[in-house]
Amino acid sequence: MSNTKLCPYCGEEILAEAKKCKHCKEWLEDNVSSPDIRDIIENYINTTPIKTQFITTKSDITSELLNESKIAPKEGEIPLLLCYKKHLMYDLKTRILITDKRIYFKALPDTFLIGLTCNFAKKIEGNFEIHGLNYLEIAKHDHAFGTAYVGHQLKINNEVVGLVRMGTELEYDEEAIKFLNGLFNTLADKGIIRNRVRQY
């Protein structure tokens with residue numbers, strides 16, 4: 001029995017058990033099982049100190065907290081990480097929720113005038129399956145008019161989907177950004193996401 005096969009995308013020879021072609025970088029499986037992603041994320045959470053109150057993880061993400069944050073996963077998914085903390089003054093209603101399958105977000109448009117319109121701007125909402133993403137990053141600080149902090153760019157598949165506020169204080173929470181980008185790099189190192197964060 002041969003221990004190699006031909007990649008269905010580029011035709012090059014690869015190992016029979018390969019999940020990703022080393023030549024063309026295409027994924028050869030449609031999905032990695034949910035427990036694989038869950039184990040990677042839970043291990044990262046368990047071994048990496050969380051130095052911020054802006055991130056809530058695992059069993060501390062209650063149904064009440066999800067209802068309060070107004071962001072909810074699909075049926076059967078397990079919430080593992082939520083970027084949200086209630087604050088009366090600095091809640092622009094941007095959120096990130098990571099489950100064992102997807103990343104969910106509510107973001108603000110990344111525009112020059114968003115600093116003036118953030119309180120009533122329509123949120124950009126969406127979700128992506130984590131497995132097979134090309135890229136995932138908390139990227140650059142907003143370039144909005146004025147000096148008040150609005151948020152950081154959330155980049156998914158090398159495109160900015162919008163601005164997500166990192167923290168609830170006047171300034172952003174650097175530790176939250178480090179924790180998230182560290183998680184995204186860990187997922188890349190394990191082959192779940194295709195590319196590591198470039199600026200981390």
# chains A, B, ... in the order shown; residues from 1 in each chain; ligands from 1
>>> residues_around(residues="region 183-198 of chain A", least_positions_apart="3", cutoff="7 Å", atoms="only C-alpha atoms", output="NGL selection string")
:A and (44 or 130-137 or 179-180)
>>> closest_atom_pairs(of="region 84-120 of chain A", to="region 51-55 of chain A", cutoff="12 Å", atoms="only C-alpha atoms", output="JSON lines")
{"residue": "A:Tyr84", "atom": "CA", "partner": "A:Phe54", "partner_atom": "CA", "distance": 5.7}
{"residue": "A:Lys85", "atom": "CA", "partner": "A:Phe54", "partner_atom": "CA", "distance": 5.5}
{"residue": "A:Lys86", "atom": "CA", "partner": "A:Phe54", "partner_atom": "CA", "distance": 9.1}
{"residue": "A:His87", "atom": "CA", "partner": "A:Phe54", "partner_atom": "CA", "distance": 10.5}
{"residue": "A:Asp91", "atom": "CA", "partner": "A:Phe54", "partner_atom": "CA", "distance": 11.7}
{"residue": "A:Arg95", "atom": "CA", "partner": "A:Ile55", "partner_atom": "CA", "distance": 10.4}
{"residue": "A:Ile96", "atom": "CA", "partner": "A:Ile55", "partner_atom": "CA", "distance": 9.5}
{"residue": "A:Leu97", "atom": "CA", "partner": "A:Ile55", "partner_atom": "CA", "distance": 9.8}
{"residue": "A:Ile98", "atom": "CA", "partner": "A:Ile55", "partner_atom": "CA", "distance": 10.9}
>>> atom_distance(atom1="CA of Glu171 (chain A)", atom2="CA of Lys122 (chain A)")
22.8 Å
>>> residues_around(residues="Asn46 (chain A)", least_positions_apart="6", cutoff="12 Å", atoms="only C-alpha atoms", output="ChimeraX atom specification")
/A:38-40,57-58,80-81,183
>>> closest_residue(among="A:Glu64, A:Lys19, A:Asn43, A:Phe145", to="Cys118 (chain A)", atoms="only C-alpha atoms")
A:Phe145
>>> closest_residue(among="A:Ile124, A:Ile78, A:Leu66, A:Cys83", to="Val161 (chain A)", atoms="only C-alpha atoms")
A:Ile124
>>> select_by_dssp(residues="region 105-157 of chain A", states="strand (DSSP E or B)", output="list of chain:residue names")
A:Phe105, A:Lys106, A:Ala107, A:Leu108, A:Ile124, A:Glu125, A:Gly126, A:Asn127, A:Phe128, A:Glu129, A:Leu136, A:Glu137, A:Ile138, A:Ala139, A:Lys140, A:His141, A:His152, A:Gln153, A:Leu154, A:Lys155, A:Ile156
>>> atom_distance(atom1="CA of Gly167 (chain A)", atom2="CA of Gly76 (chain A)")
28.3 Å
